[in-house]
file coords-v7.cif (mmCIF, C-alpha atoms and all ligand atoms)
data_upload
loop_
_atom_site.label_atom_id
_atom_site.label_comp_id
_atom_site.auth_asym_id
_atom_site.auth_seq_id
_atom_site.Cartn_x
_atom_site.Cartn_y
_atom_site.Cartn_z
CA MET A 1 -29.10 10.38 60.98
CA GLU A 2 -31.48 11.75 63.58
CA MET A 3 -34.01 9.19 64.78
CA ASN A 4 -36.55 9.92 67.43
CA VAL A 5 -36.62 6.59 69.22
CA VAL A 6 -37.25 6.03 72.87
CA CYS A 7 -34.77 4.19 75.04
CA PHE A 8 -36.56 1.29 76.68
CA SER A 9 -34.12 1.38 79.51
CA CYS A 10 -34.99 4.84 80.81
CA ASN A 11 -38.04 5.66 78.65
CA GLU A 12 -36.47 8.83 77.28
CA SER A 13 -35.63 9.85 73.77
CA HIS A 14 -31.91 10.30 73.13
CA GLY A 15 -32.14 11.02 69.42
CA ALA A 16 -29.36 9.69 67.24
CA GLN A 17 -27.06 8.86 70.15
CA ILE A 18 -29.13 5.88 71.16
CA ARG A 19 -27.96 3.97 68.15
CA THR A 20 -24.30 4.29 68.83
CA VAL A 21 -23.67 4.36 72.53
CA SER A 22 -25.07 1.23 74.08
CA PRO A 23 -22.22 -0.76 75.62
CA SER A 24 -24.24 -3.95 75.48
CA THR A 25 -24.54 -3.85 71.70
CA LYS A 26 -23.70 -7.32 70.50
CA THR A 27 -24.86 -6.74 67.01
CA THR A 28 -26.58 -3.73 65.67
CA PHE A 29 -30.17 -4.83 65.80
CA GLY A 30 -32.64 -5.98 68.33
CA TYR A 31 -30.51 -6.48 71.36
CA VAL A 32 -29.05 -3.03 71.64
CA PHE A 33 -30.84 -1.30 74.41
CA GLN A 34 -30.14 -3.49 77.42
CA ARG A 35 -28.40 -0.64 79.15
CA CYS A 36 -28.93 3.04 78.61
CA ALA A 37 -25.47 4.44 78.17
CA VAL A 38 -26.83 7.94 77.76
CA ALA A 39 -28.35 7.78 81.21
CA GLY A 40 -25.26 5.79 82.24
CA LYS A 41 -27.17 3.28 84.29
CA GLU A 42 -29.40 0.29 83.97
CA ALA A 43 -32.59 2.14 84.70
CA ARG A 44 -35.61 0.06 85.65
CA PRO A 45 -38.55 0.77 83.41
CA MET A 46 -41.75 1.94 85.00
CA ASN A 47 -44.56 -0.38 86.05
CA GLU A 48 -42.39 -3.46 86.28
CA GLU A 49 -44.07 -6.51 87.65
CA THR A 50 -41.92 -9.35 88.95
CA ARG A 51 -43.08 -12.97 88.87
CA GLY A 52 -40.50 -15.20 90.47
CA ASP A 53 -37.39 -14.65 88.41
CA ILE A 54 -39.12 -13.17 85.37
CA SER A 55 -39.93 -9.51 85.25
CA ILE A 56 -42.80 -8.17 83.20
CA GLU A 57 -42.74 -4.56 82.11
CA GLU A 58 -45.64 -2.51 80.84
CA GLN A 59 -45.89 -0.29 77.78
CA VAL A 60 -42.41 -0.93 76.42
CA PRO A 61 -41.78 0.87 73.09
CA LEU A 62 -41.02 -1.78 70.48
CA ALA A 63 -39.66 0.29 67.59
CA PRO A 64 -36.10 0.12 69.00
CA TYR A 65 -36.34 -3.68 69.01
CA THR A 66 -37.03 -3.81 65.30
CA THR A 67 -34.96 -2.93 62.27
CA PHE A 68 -37.90 -1.03 60.71
CA HIS A 69 -38.05 1.29 63.76
CA ILE A 70 -41.78 1.68 63.40
CA GLY A 71 -44.79 1.37 65.69
CA GLY A 72 -46.04 1.48 69.26
CA ALA A 73 -45.44 -0.31 72.53
CA ALA A 74 -45.86 -3.82 73.90
CA GLU A 75 -48.69 -3.93 76.42
CA TYR A 76 -46.48 -6.28 78.47
CA PHE A 77 -42.89 -7.23 77.76
CA THR A 78 -40.29 -9.64 79.09
CA SER A 79 -36.93 -11.07 78.04
CA VAL A 80 -36.14 -14.74 78.56
CA GLU A 81 -32.70 -16.34 78.64
CA ASN A 82 -33.73 -19.94 79.13
CA ILE A 83 -36.60 -22.33 78.56
CA GLU A 84 -37.72 -22.26 82.19
CA LYS A 85 -38.22 -18.48 82.03
CA LEU A 86 -39.97 -18.85 78.70
CA ARG A 87 -42.38 -21.33 80.32
CA LYS A 88 -43.07 -19.03 83.24
CA ALA A 89 -43.68 -16.07 80.92
CA VAL A 90 -46.13 -18.06 78.79
CA GLN A 91 -47.92 -19.42 81.86
CA TRP A 92 -48.22 -15.88 83.25
CA ALA A 93 -49.81 -14.70 79.99
CA LYS A 94 -52.06 -17.75 79.83
CA ALA A 95 -53.34 -17.14 83.35
CA LYS A 96 -54.29 -13.60 82.31
CA LYS A 97 -55.65 -14.74 78.92
CA PHE A 98 -53.17 -12.50 77.10
CA PRO A 99 -51.92 -13.34 73.61
CA VAL A 100 -48.18 -14.07 73.36
CA THR A 101 -45.91 -12.67 70.65
CA VAL A 102 -42.29 -13.77 70.26
CA LEU A 103 -39.67 -11.32 69.10
CA GLY A 104 -36.15 -12.22 68.00
CA GLY A 105 -33.99 -9.60 66.29
CA GLY A 106 -37.06 -7.79 64.95
CA SER A 107 -35.69 -7.85 61.40
CA ASN A 108 -38.69 -9.36 59.65
CA VAL A 109 -41.52 -7.50 61.35
CA PHE A 110 -43.06 -4.11 61.81
CA VAL A 111 -45.09 -3.06 64.81
CA ALA A 112 -48.58 -1.54 64.55
CA ASP A 113 -48.88 2.09 65.60
CA ALA A 114 -51.27 1.02 68.37
CA GLY A 115 -48.64 -1.42 69.64
CA VAL A 116 -48.91 -5.12 70.45
CA ARG A 117 -51.59 -6.54 72.71
CA GLY A 118 -50.69 -8.98 75.45
CA LEU A 119 -47.20 -10.20 76.27
CA VAL A 120 -44.21 -9.78 73.95
CA ILE A 121 -41.43 -12.23 74.78
CA HIS A 122 -37.98 -11.16 73.63
CA ASN A 123 -36.06 -14.34 73.04
CA HIS A 124 -32.51 -14.43 74.41
CA ILE A 125 -32.14 -18.18 74.84
CA THR A 126 -28.48 -18.95 74.26
CA GLY A 127 -26.38 -22.12 74.06
CA ARG A 128 -24.20 -23.89 71.51
CA GLU A 129 -23.60 -27.62 71.22
CA ILE A 130 -21.27 -29.02 68.59
CA VAL A 131 -21.27 -32.71 67.70
CA LYS A 132 -18.97 -34.15 65.01
CA GLU A 133 -20.03 -37.33 63.25
CA GLY A 134 -17.50 -38.26 60.56
CA ASP A 135 -17.79 -35.62 57.87
CA ALA A 136 -20.88 -34.05 59.46
CA VAL A 137 -20.97 -31.34 62.09
CA LEU A 138 -24.22 -30.93 64.01
CA LEU A 139 -24.69 -27.52 65.58
CA THR A 140 -27.51 -27.20 68.12
CA ILE A 141 -27.94 -23.52 68.86
CA GLY A 142 -30.13 -21.56 71.28
CA ALA A 143 -32.89 -19.65 69.52
CA GLY A 144 -31.79 -16.28 70.89
CA GLU A 145 -28.28 -16.50 69.43
CA VAL A 146 -27.50 -14.16 66.55
CA PHE A 147 -27.67 -16.29 63.41
CA ASP A 148 -24.85 -14.51 61.62
CA ASP A 149 -22.52 -15.21 64.58
CA ILE A 150 -23.17 -18.90 63.93
CA VAL A 151 -22.48 -18.49 60.21
CA ALA A 152 -19.21 -16.72 61.07
CA LEU A 153 -18.31 -19.50 63.52
CA ALA A 154 -18.98 -22.19 60.91
CA VAL A 155 -16.94 -20.35 58.28
CA SER A 156 -14.01 -19.88 60.66
CA ARG A 157 -13.99 -23.61 61.56
CA GLY A 158 -14.21 -24.83 57.97
CA TRP A 159 -17.78 -26.20 58.18
CA TRP A 160 -19.73 -25.88 54.94
CA GLY A 161 -23.43 -25.17 54.54
CA LEU A 162 -24.39 -21.76 55.91
CA GLU A 163 -21.93 -19.47 54.10
CA ASN A 164 -24.42 -18.32 51.42
CA LEU A 165 -26.67 -17.13 54.27
CA SER A 166 -23.99 -14.75 55.54
CA CYS A 167 -24.98 -11.31 56.80
CA ILE A 168 -28.71 -12.00 57.15
CA PRO A 169 -29.85 -10.25 60.32
CA GLY A 170 -31.91 -11.98 63.00
CA SER A 171 -31.92 -14.75 65.54
CA VAL A 172 -31.38 -18.49 65.16
CA GLY A 173 -34.94 -19.12 66.38
CA ALA A 174 -36.43 -17.19 63.48
CA THR A 175 -34.45 -19.00 60.78
CA PRO A 176 -36.98 -21.84 60.45
CA ILE A 177 -40.00 -19.53 60.75
CA GLN A 178 -39.81 -18.21 57.21
CA ASN A 179 -37.13 -20.68 56.08
CA ILE A 180 -34.62 -17.94 55.38
CA GLY A 181 -32.83 -18.12 52.09
CA ALA A 182 -30.31 -16.31 49.95
CA TYR A 183 -28.01 -16.94 47.00
CA GLY A 184 -29.34 -20.39 46.15
CA VAL A 185 -29.54 -21.83 49.68
CA GLU A 186 -32.54 -22.18 52.00
CA VAL A 187 -31.86 -22.89 55.65
CA ALA A 188 -34.34 -25.81 55.51
CA GLU A 189 -31.67 -27.73 53.57
CA ARG A 190 -29.43 -27.54 56.67
CA ILE A 191 -31.98 -27.96 59.48
CA VAL A 192 -32.21 -31.39 61.08
CA PHE A 193 -34.33 -30.56 64.14
CA VAL A 194 -36.23 -27.67 65.58
CA ASP A 195 -36.78 -27.80 69.34
CA ALA A 196 -39.79 -25.86 70.49
CA TYR A 197 -41.88 -25.09 73.53
CA ASP A 198 -45.49 -26.08 72.94
CA LYS A 199 -47.66 -23.39 74.57
CA GLU A 200 -50.76 -25.58 74.47
CA THR A 201 -49.36 -28.63 76.24
CA ASP A 202 -46.67 -26.87 78.29
CA THR A 203 -44.05 -29.31 76.99
CA SER A 204 -40.87 -29.18 74.96
CA VAL A 205 -40.99 -30.96 71.62
CA ARG A 206 -38.50 -31.84 68.90
CA LEU A 207 -39.67 -31.48 65.29
CA THR A 208 -37.78 -33.03 62.40
CA GLY A 209 -37.08 -30.91 59.34
CA ASP A 210 -39.86 -32.76 57.49
CA ALA A 211 -42.37 -32.00 60.25
CA CYS A 212 -41.62 -28.28 59.84
CA LEU A 213 -43.27 -28.33 56.36
CA PHE A 214 -40.75 -25.94 54.89
CA GLY A 215 -41.55 -24.10 51.68
CA TYR A 216 -40.39 -20.91 50.00
CA ARG A 217 -40.29 -18.36 52.87
CA ASP A 218 -42.77 -20.60 54.62
CA SER A 219 -43.07 -23.24 57.32
CA LEU A 220 -45.50 -24.87 59.72
CA PHE A 221 -44.76 -22.03 62.19
CA LYS A 222 -46.38 -19.42 59.93
CA HIS A 223 -49.72 -21.24 59.92
CA ALA A 224 -52.45 -21.65 62.54
CA GLU A 225 -51.42 -25.22 63.46
CA GLY A 226 -47.82 -24.13 64.11
CA LYS A 227 -48.54 -21.03 66.15
CA ARG A 228 -48.53 -23.10 69.35
CA TYR A 229 -44.73 -23.50 69.09
CA ILE A 230 -42.00 -21.16 70.27
CA VAL A 231 -38.67 -22.20 68.81
CA THR A 232 -36.05 -22.74 71.53
CA ARG A 233 -33.15 -24.41 69.66
CA VAL A 234 -32.27 -25.29 66.08
CA THR A 235 -29.95 -28.09 64.94
CA TYR A 236 -28.11 -27.49 61.67
CA ARG A 237 -26.17 -30.18 59.82
CA LEU A 238 -22.96 -28.87 58.18
CA SER A 239 -20.17 -30.65 56.37
CA LYS A 240 -16.39 -30.63 56.54
CA THR A 241 -16.22 -31.37 52.81
CA PRO A 242 -16.09 -28.30 50.58
CA ALA A 243 -19.39 -27.90 48.72
CA PRO A 244 -19.66 -24.38 47.33
CA VAL A 245 -23.06 -23.36 45.96
CA LEU A 246 -22.28 -20.74 43.37
CA HIS A 247 -24.99 -20.99 40.71
CA TYR A 248 -27.10 -18.06 41.87
CA ARG A 249 -26.88 -14.95 39.64
CA ASP A 250 -24.69 -12.43 41.52
CA LEU A 251 -22.60 -15.10 43.21
CA ALA A 252 -22.05 -16.88 39.87
CA ALA A 253 -20.88 -13.58 38.37
CA TRP A 254 -18.51 -13.05 41.30
CA ASN A 255 -17.15 -16.58 40.92
CA GLU A 256 -16.65 -16.13 37.18
CA ALA A 257 -14.71 -12.91 37.75
CA HIS A 258 -12.49 -14.46 40.44
CA LYS A 259 -12.12 -17.95 39.04
CA THR A 260 -8.81 -19.73 39.63
CA ASN A 261 -7.94 -23.41 39.57
CA GLU A 262 -8.82 -23.59 43.26
CA LEU A 263 -12.33 -23.75 44.70
CA PRO A 264 -13.20 -20.54 46.55
CA THR A 265 -12.76 -20.81 50.31
CA LEU A 266 -15.52 -20.40 52.86
CA THR A 267 -14.11 -17.03 53.87
CA GLU A 268 -14.00 -15.85 50.26
CA ILE A 269 -17.63 -16.86 49.73
CA ARG A 270 -18.78 -15.21 52.96
CA THR A 271 -16.91 -12.02 52.07
CA ALA A 272 -18.38 -12.03 48.55
CA VAL A 273 -21.94 -12.62 49.81
CA CYS A 274 -21.69 -9.81 52.37
CA ALA A 275 -20.24 -7.45 49.75
CA ILE A 276 -23.05 -8.26 47.29
CA ARG A 277 -25.62 -7.77 50.05
CA SER A 278 -24.21 -4.42 51.05
CA ARG A 279 -25.03 -3.16 47.54
CA LYS A 280 -28.61 -4.51 47.63
CA PHE A 281 -29.67 -3.71 51.19
CA PRO A 282 -29.39 -0.53 53.20
CA ASP A 283 -27.51 -0.51 56.49
CA TRP A 284 -30.40 -1.14 58.88
CA ASN A 285 -28.69 0.92 61.57
CA VAL A 286 -29.11 3.94 59.36
CA LEU A 287 -32.31 3.29 57.42
CA GLY A 288 -35.24 1.37 58.86
CA THR A 289 -36.06 -1.75 56.85
CA ALA A 290 -36.97 -5.42 57.15
CA GLY A 291 -35.27 -6.38 53.88
CA SER A 292 -37.49 -7.68 51.07
CA PHE A 293 -41.04 -6.62 51.87
CA PHE A 294 -42.81 -8.92 49.41
CA LYS A 295 -42.26 -12.57 48.52
CA ASN A 296 -41.34 -13.46 44.98
CA PRO A 297 -44.67 -14.73 43.63
CA THR A 298 -45.24 -18.14 42.09
CA ILE A 299 -47.63 -18.02 39.13
CA SER A 300 -49.02 -20.57 36.70
CA ASP A 301 -47.10 -21.57 33.57
CA ALA A 302 -49.84 -20.00 31.42
CA HIS A 303 -49.70 -16.71 33.32
CA PHE A 304 -45.91 -16.66 32.99
CA SER A 305 -46.08 -17.35 29.24
CA ALA A 306 -48.55 -14.48 28.82
CA LEU A 307 -46.26 -12.13 30.73
CA LEU A 308 -43.25 -13.26 28.69
CA GLU A 309 -45.01 -12.07 25.53
CA ARG A 310 -45.11 -8.58 27.00
CA PHE A 311 -41.84 -8.70 28.97
CA PRO A 312 -39.53 -11.19 27.18
CA GLU A 313 -36.69 -10.74 29.70
CA LEU A 314 -38.81 -11.40 32.79
CA PRO A 315 -36.80 -13.85 34.95
CA GLY A 316 -38.73 -16.91 36.14
CA TYR A 317 -37.69 -20.18 37.80
CA LYS A 318 -39.67 -23.37 37.32
CA THR A 319 -40.88 -24.88 40.58
CA PRO A 320 -43.24 -27.83 41.23
CA GLU A 321 -46.05 -25.29 41.87
CA GLY A 322 -45.52 -23.16 38.73
CA VAL A 323 -43.02 -20.42 37.94
CA LYS A 324 -41.39 -18.27 40.62
CA VAL A 325 -41.06 -14.76 39.24
CA ALA A 326 -38.41 -12.19 40.19
CA LEU A 327 -40.61 -9.47 41.65
CA GLY A 328 -37.66 -7.09 41.97
CA TRP A 329 -37.34 -7.16 38.17
CA ILE A 330 -41.02 -6.23 37.76
CA LEU A 331 -40.73 -3.39 40.27
CA ASP A 332 -37.58 -2.15 38.62
CA ARG A 333 -38.15 -2.74 34.92
CA VAL A 334 -41.94 -2.76 34.51
CA LEU A 335 -43.07 -0.31 37.18
CA ASN A 336 -39.88 1.70 37.44
CA VAL A 337 -40.33 2.14 41.19
CA ARG A 338 -36.77 1.50 42.36
CA GLY A 339 -36.04 4.41 44.72
CA TYR A 340 -39.68 5.59 44.54
CA ARG A 341 -40.76 7.44 47.69
CA SER A 342 -44.05 8.53 49.16
CA GLY A 343 -43.49 10.68 52.23
CA THR A 344 -41.18 8.86 54.61
CA VAL A 345 -41.63 5.41 53.05
CA GLY A 346 -40.06 4.20 49.83
CA THR A 347 -38.33 1.45 47.93
CA TYR A 348 -34.57 1.25 48.21
CA GLU A 349 -32.51 2.46 45.28
CA GLY A 350 -30.25 -0.61 45.49
CA GLN A 351 -33.14 -3.11 45.28
CA ALA A 352 -36.80 -2.25 44.69
CA LEU A 353 -38.11 -5.22 46.74
CA VAL A 354 -36.66 -3.61 49.84
CA VAL A 355 -39.00 -1.10 51.50
CA VAL A 356 -37.41 1.57 53.65
CA ASN A 357 -38.51 3.85 56.48
CA TYR A 358 -36.72 7.05 55.44
CA GLY A 359 -37.62 8.93 58.62
CA ASP A 360 -40.27 8.55 61.26
CA ALA A 361 -42.80 6.56 59.24
CA THR A 362 -45.87 5.14 60.95
CA SER A 363 -47.14 1.62 60.37
CA ALA A 364 -50.22 3.17 58.72
CA GLU A 365 -47.98 4.95 56.19
CA LEU A 366 -46.00 1.78 55.57
CA GLU A 367 -49.14 -0.27 54.97
CA THR A 368 -50.61 2.34 52.64
CA PHE A 369 -47.36 2.35 50.68
CA ALA A 370 -47.26 -1.47 50.52
CA ARG A 371 -50.88 -1.62 49.35
CA ASP A 372 -50.16 1.02 46.72
CA ILE A 373 -47.19 -0.98 45.37
CA ALA A 374 -49.20 -4.22 45.44
CA GLN A 375 -51.97 -2.55 43.44
CA LYS A 376 -49.47 -1.24 40.87
CA ILE A 377 -48.08 -4.77 40.49
CA PHE A 378 -51.55 -6.20 40.01
CA ASP A 379 -52.59 -3.53 37.51
CA ALA A 380 -49.49 -4.20 35.39
CA THR A 381 -49.26 -7.99 35.66
CA GLU A 382 -52.35 -9.42 37.39
CA ILE A 383 -50.01 -10.89 39.99
CA VAL A 384 -51.27 -10.86 43.58
CA VAL A 385 -48.31 -10.41 45.91
CA GLU A 386 -47.89 -11.53 49.50
CA TRP A 387 -45.95 -9.79 52.26
CA GLU A 388 -42.81 -11.50 53.47
CA VAL A 389 -42.77 -9.21 56.52
CA THR A 390 -45.08 -9.83 59.51
CA LYS A 391 -47.10 -7.11 61.20
CA LEU A 392 -47.14 -7.40 64.98
CA SER A 393 -50.28 -6.00 66.62
C1 LIG B 1 -31.43 -5.83 55.65
C2 LIG B 1 -32.18 -7.13 55.74
C3 LIG B 1 -31.87 -8.17 54.88
C4 LIG B 1 -32.56 -9.39 54.96
N1 LIG B 1 -32.23 -10.38 54.09
C5 LIG B 1 -32.88 -11.56 54.15
C6 LIG B 1 -32.53 -12.63 53.26
O1 LIG B 1 -31.64 -12.50 52.43
N2 LIG B 1 -33.24 -13.78 53.34
C7 LIG B 1 -34.24 -13.95 54.25
O2 LIG B 1 -34.83 -15.03 54.27
N3 LIG B 1 -34.57 -12.97 55.13
C8 LIG B 1 -33.92 -11.79 55.09
N4 LIG B 1 -34.26 -10.78 55.95
C9 LIG B 1 -35.36 -10.98 56.90
C10 LIG B 1 -34.89 -11.42 58.32
O3 LIG B 1 -33.56 -11.09 58.53
C11 LIG B 1 -35.07 -12.91 58.54
O4 LIG B 1 -36.40 -13.29 58.30
C12 LIG B 1 -34.70 -13.32 59.98
O5 LIG B 1 -34.72 -14.72 60.10
C13 LIG B 1 -35.62 -12.71 61.03
O6 LIG B 1 -35.06 -13.00 62.28
P1 LIG B 1 -35.47 -12.19 63.58
O7 LIG B 1 -34.86 -12.85 64.75
O8 LIG B 1 -35.15 -10.75 63.38
O9 LIG B 1 -37.05 -12.42 63.60
P2 LIG B 1 -38.17 -11.40 64.05
O10 LIG B 1 -38.27 -10.30 63.04
O11 LIG B 1 -37.99 -11.01 65.46
O12 LIG B 1 -39.45 -12.33 63.92
C14 LIG B 1 -39.92 -12.75 62.67
C15 LIG B 1 -41.15 -13.66 62.86
O13 LIG B 1 -40.76 -14.86 63.49
C16 LIG B 1 -41.41 -15.03 64.74
N5 LIG B 1 -40.41 -15.58 65.66
C17 LIG B 1 -39.20 -15.06 65.92
N6 LIG B 1 -38.52 -15.87 66.76
C18 LIG B 1 -39.34 -16.91 67.03
C19 LIG B 1 -39.23 -18.07 67.85
N7 LIG B 1 -38.14 -18.33 68.58
N8 LIG B 1 -40.27 -18.94 67.90
C20 LIG B 1 -41.41 -18.69 67.18
N9 LIG B 1 -41.57 -17.60 66.40
C21 LIG B 1 -40.55 -16.73 66.33
C22 LIG B 1 -41.88 -13.64 65.14
O14 LIG B 1 -43.01 -13.70 65.99
C23 LIG B 1 -42.19 -13.03 63.79
O15 LIG B 1 -43.46 -13.45 63.35
C24 LIG B 1 -33.58 -9.55 55.92
C25 LIG B 1 -33.88 -8.50 56.80
C26 LIG B 1 -33.18 -7.31 56.72
C27 LIG B 1 -33.50 -6.20 57.69
#

call {"tool": "encode", "arguments": {"input": "coords-v7.cif", "output": "structure tokens"}}
result
Amino acid sequence: MEMNVVCFSCNESHGAQIRTVSPSTKTTFGYVFQRCAVAGKEARPMNEETRGDISIEEQVPLAPYTTFHIGGAAEYFTSVENIEKLRKAVQWAKAKKFPVTVLGGGSNVFVADAGVRGLVIHNHITGREIVKEGDAVLLTIGAGEVFDDIVALAVSRGWWGLENLSCIPGSVGATPIQNIGAYGVEVAERIVFVDAYDKETDTSVRLTGDACLFGYRDSLFKHAEGKRYIVTRVTYRLSKTPAPVLHYRDLAAWNEAHKTNELPTLTEIRTAVCAIRSRKFPDWNVLGTAGSFFKNPTISDAHFSALLERFPELPGYKTPEGVKVALGWILDRVLNVRGYRSGTVGTYEGQALVVVNYGDATSAELETFARDIAQKIFDATEIVVEWEVTKLS
């Protein structure tokens, strides 16, 4: 598929080739354009400013760093591989009174057409520490590591806990931000500590899972009081004892169909999860997307009962706050907008919650589309929906 994206390495557009040729591609999102293989060299971007051992570039196009492939440039941009460089980058921005934006794999954001003001820090902090304590395995992982590599590692070593989160794109550092979840597991259940750099005090801090105030696609880090933190490492607690979590719809159906006297293995669960996901989500190398665009809303019991009278099959899950409603079902069965397109933006035919950039969509077009869908939902159900995806500007 032809995509007109600009290579950050040499600032030229290489069309479709840019997606397939980079030799530094570790995974297929975010980190791909370290070296411009079309130009065949590691070209230095224009207007680079070097501060000690960090280099700050100007006007770096951000669309290639995101899975939505939308939007303008970072006013200033740097990549950091360790906490010391992160500190220096933040201090540089502070001295200039620039806002700081952190980017991981770019799989839960879209960039404004006008770009992002201030300094964008692309997080590449690596590092893996493994500590075994009886049945428990504690993994402390650098925030710039690819999360799915860690899931694959855990599955290959026989450590239980992350397998249901297989094949979710993005970095380790972003996993606590929206408390990623899938197929009946939220990462909060596995997080023991989050290490972070506190921009305000210029110190490193360790937050316990409780201090992170995790909720459904929510955490301290998404709110004003948590914006001071940049996640540098995450510690997950896994277990050597088999503990499959198979109650969630599609996975339960898979388990039923494949049931034997044996418990499914970690590898079988990971393979099943990735196969289910490949039917629900587009390949983000081919179609721009950030996965589910909206959160599943939680509504009051009374509101849910009223909706049930009109839509008796509407799926809802009781939570302490009310009833969490399956928004995909409403989009699909009430509004009939699965696969609906408006210009270059649309919902995905495999899952209506997933919004897709079918070509060279702008952020303005995406926002108009999202507002239009939100209005349709409200008109039909009186539910006010929230975006799961973050706009960077
Ligand atoms: C096809 C597809 C399927 C998906 N499926 C799921 C799913 O099943 N479940 C789910 O929960 N999500 C899903 N997502 C969303 C996304 O993969 C996750 O939210 C992921 O954790 C984002 O990681 P990232 O590194 O790409 O974050 P980014 O998109 O780079 O950043 C997301 C937000 O976190 C902030 N941030 C990133 N890193 C840090 C850091 N180190 N410190 C502080 N702030 C930081 C950013 O500023 C931004 O606000 C999906 C996305 C796609 C494209």

call {"tool": "closest_atom_pairs", "arguments": {"input": "coords-v7.cif", "of": "chain A", "to": "ligand LIG 1 (chain B)", "cutoff": "6 Å", "atoms": "all atoms listed in the file", "output": "tab-separated table"}}
result
residue	atom	partner	partner_atom	distance
A:Thr67	CA	B:LIG1	C27	5.8
A:Thr101	CA	B:LIG1	O14	5.6
A:Val102	CA	B:LIG1	O14	4.3
A:Leu103	CA	B:LIG1	O11	4.0
A:Gly104	CA	B:LIG1	O11	3.4
A:Gly105	CA	B:LIG1	O8	3.3
A:Gly106	CA	B:LIG1	O10	3.4
A:Ser107	CA	B:LIG1	O8	3.6
A:Asn108	CA	B:LIG1	O10	3.5
A:Val109	CA	B:LIG1	O10	4.6
A:Ala143	CA	B:LIG1	N7	5.5
A:Ile168	CA	B:LIG1	N1	4.9
A:Pro169	CA	B:LIG1	O3	4.2
A:Gly170	CA	B:LIG1	O6	3.4
A:Ser171	CA	B:LIG1	O7	3.6
A:Gly173	CA	B:LIG1	N7	4.0
A:Ala174	CA	B:LIG1	N6	4.1
A:Thr175	CA	B:LIG1	O5	4.3
A:Ile177	CA	B:LIG1	O13	5.5
A:Ile180	CA	B:LIG1	O2	3.1
A:Gly181	CA	B:LIG1	O2	4.3
A:Ala182	CA	B:LIG1	O1	4.7
A:Ile230	CA	B:LIG1	N8	3.7
A:Val231	CA	B:LIG1	N8	3.7
A:Thr232	CA	B:LIG1	N7	5.7
A:Phe281	CA	B:LIG1	C1	5.2
A:Trp284	CA	B:LIG1	C1	5.8
A:Thr289	CA	B:LIG1	C27	5.2
A:Ala290	CA	B:LIG1	C27	3.6
A:Gly291	CA	B:LIG1	C26	3.6
A:Thr390	CA	B:LIG1	O15	5.5

call {"tool": "atom_distance", "arguments": {"input": "coords-v7.cif", "atom1": "atom CA of Arg128 of chain A", "atom2": "atom CA of Gly184 of chain A"}}
result
26.1 Å

call {"tool": "closest_residue", "arguments": {"input": "coords-v7.cif", "among": "A:Thr126, A:Asn164, A:Thr344, A:Thr381", "to": "Leu246 of chain A", "atoms": "only C-alpha atoms"}}
result
A:Asn164

call {"tool": "residues_around", "arguments": {"input": "coords-v7.cif", "residues": "Thr298 of chain A", "least_positions_apart": "4", "cutoff": "8 Å", "atoms": "only C-alpha atoms", "output": "list in words"}}
result
Glu321, Gly322, Val323, Lys324 and Val325 of chain A

call {"tool": "residues_near_point", "arguments": {"input": "coords-v7.cif", "point": "(-35.2, -4.9, 40.2)", "cutoff": "12 Å", "atoms": "all atoms listed in the file", "output": "mmCIF file with C-alpha atoms, in the coordinates of the input"}}
result
data_model
loop_
_atom_site.group_PDB
_atom_site.id
_atom_site.type_symbol
_atom_site.label_atom_id
_atom_site.label_comp_id
_atom_site.auth_asym_id
_atom_site.auth_seq_id
_atom_site.Cartn_x
_atom_site.Cartn_y
_atom_site.Cartn_z
ATOM 1 C CA LYS A 280 -28.610 -4.510 47.630
ATOM 2 C CA SER A 292 -37.490 -7.680 51.070
ATOM 3 C CA ASN A 296 -41.340 -13.460 44.980
ATOM 4 C CA LEU A 314 -38.810 -11.400 32.790
ATOM 5 C CA PRO A 315 -36.800 -13.850 34.950
ATOM 6 C CA VAL A 325 -41.060 -14.760 39.240
ATOM 7 C CA ALA A 326 -38.410 -12.190 40.190
ATOM 8 C CA LEU A 327 -40.610 -9.470 41.650
ATOM 9 C CA GLY A 328 -37.660 -7.090 41.970
ATOM 10 C CA TRP A 329 -37.340 -7.160 38.170
ATOM 11 C CA ILE A 330 -41.020 -6.230 37.760
ATOM 12 C CA LEU A 331 -40.730 -3.390 40.270
ATOM 13 C CA ASP A 332 -37.580 -2.150 38.620
ATOM 14 C CA ARG A 333 -38.150 -2.740 34.920
ATOM 15 C CA VAL A 334 -41.940 -2.760 34.510
ATOM 16 C CA LEU A 335 -43.070 -0.310 37.180
ATOM 17 C CA ASN A 336 -39.880 1.700 37.440
ATOM 18 C CA VAL A 337 -40.330 2.140 41.190
ATOM 19 C CA ARG A 338 -36.770 1.500 42.360
ATOM 20 C CA GLY A 339 -36.040 4.410 44.720
ATOM 21 C CA THR A 347 -38.330 1.450 47.930
ATOM 22 C CA TYR A 348 -34.570 1.250 48.210
ATOM 23 C CA GLU A 349 -32.510 2.460 45.280
ATOM 24 C CA GLY A 350 -30.250 -0.610 45.490
ATOM 25 C CA GLN A 351 -33.140 -3.110 45.280
ATOM 26 C CA ALA A 352 -36.800 -2.250 44.690
ATOM 27 C CA LEU A 353 -38.110 -5.220 46.740
ATOM 28 C CA VAL A 354 -36.660 -3.610 49.840
#

call {"tool": "residues_around", "arguments": {"input": "coords-v7.cif", "residues": "segment 382-388 of chain A", "least_positions_apart": "3", "cutoff": "8 Å", "atoms": "only C-alpha atoms", "output": "ChimeraX atom specification"}}
result
/A:108,217,292-297,299,374,377-379

call {"tool": "atom_distance", "arguments": {"input": "coords-v7.cif", "atom1": "atom CA of Val389 of chain A", "atom2": "atom CA of Lys88 of chain A"}}
result
28.5 Å
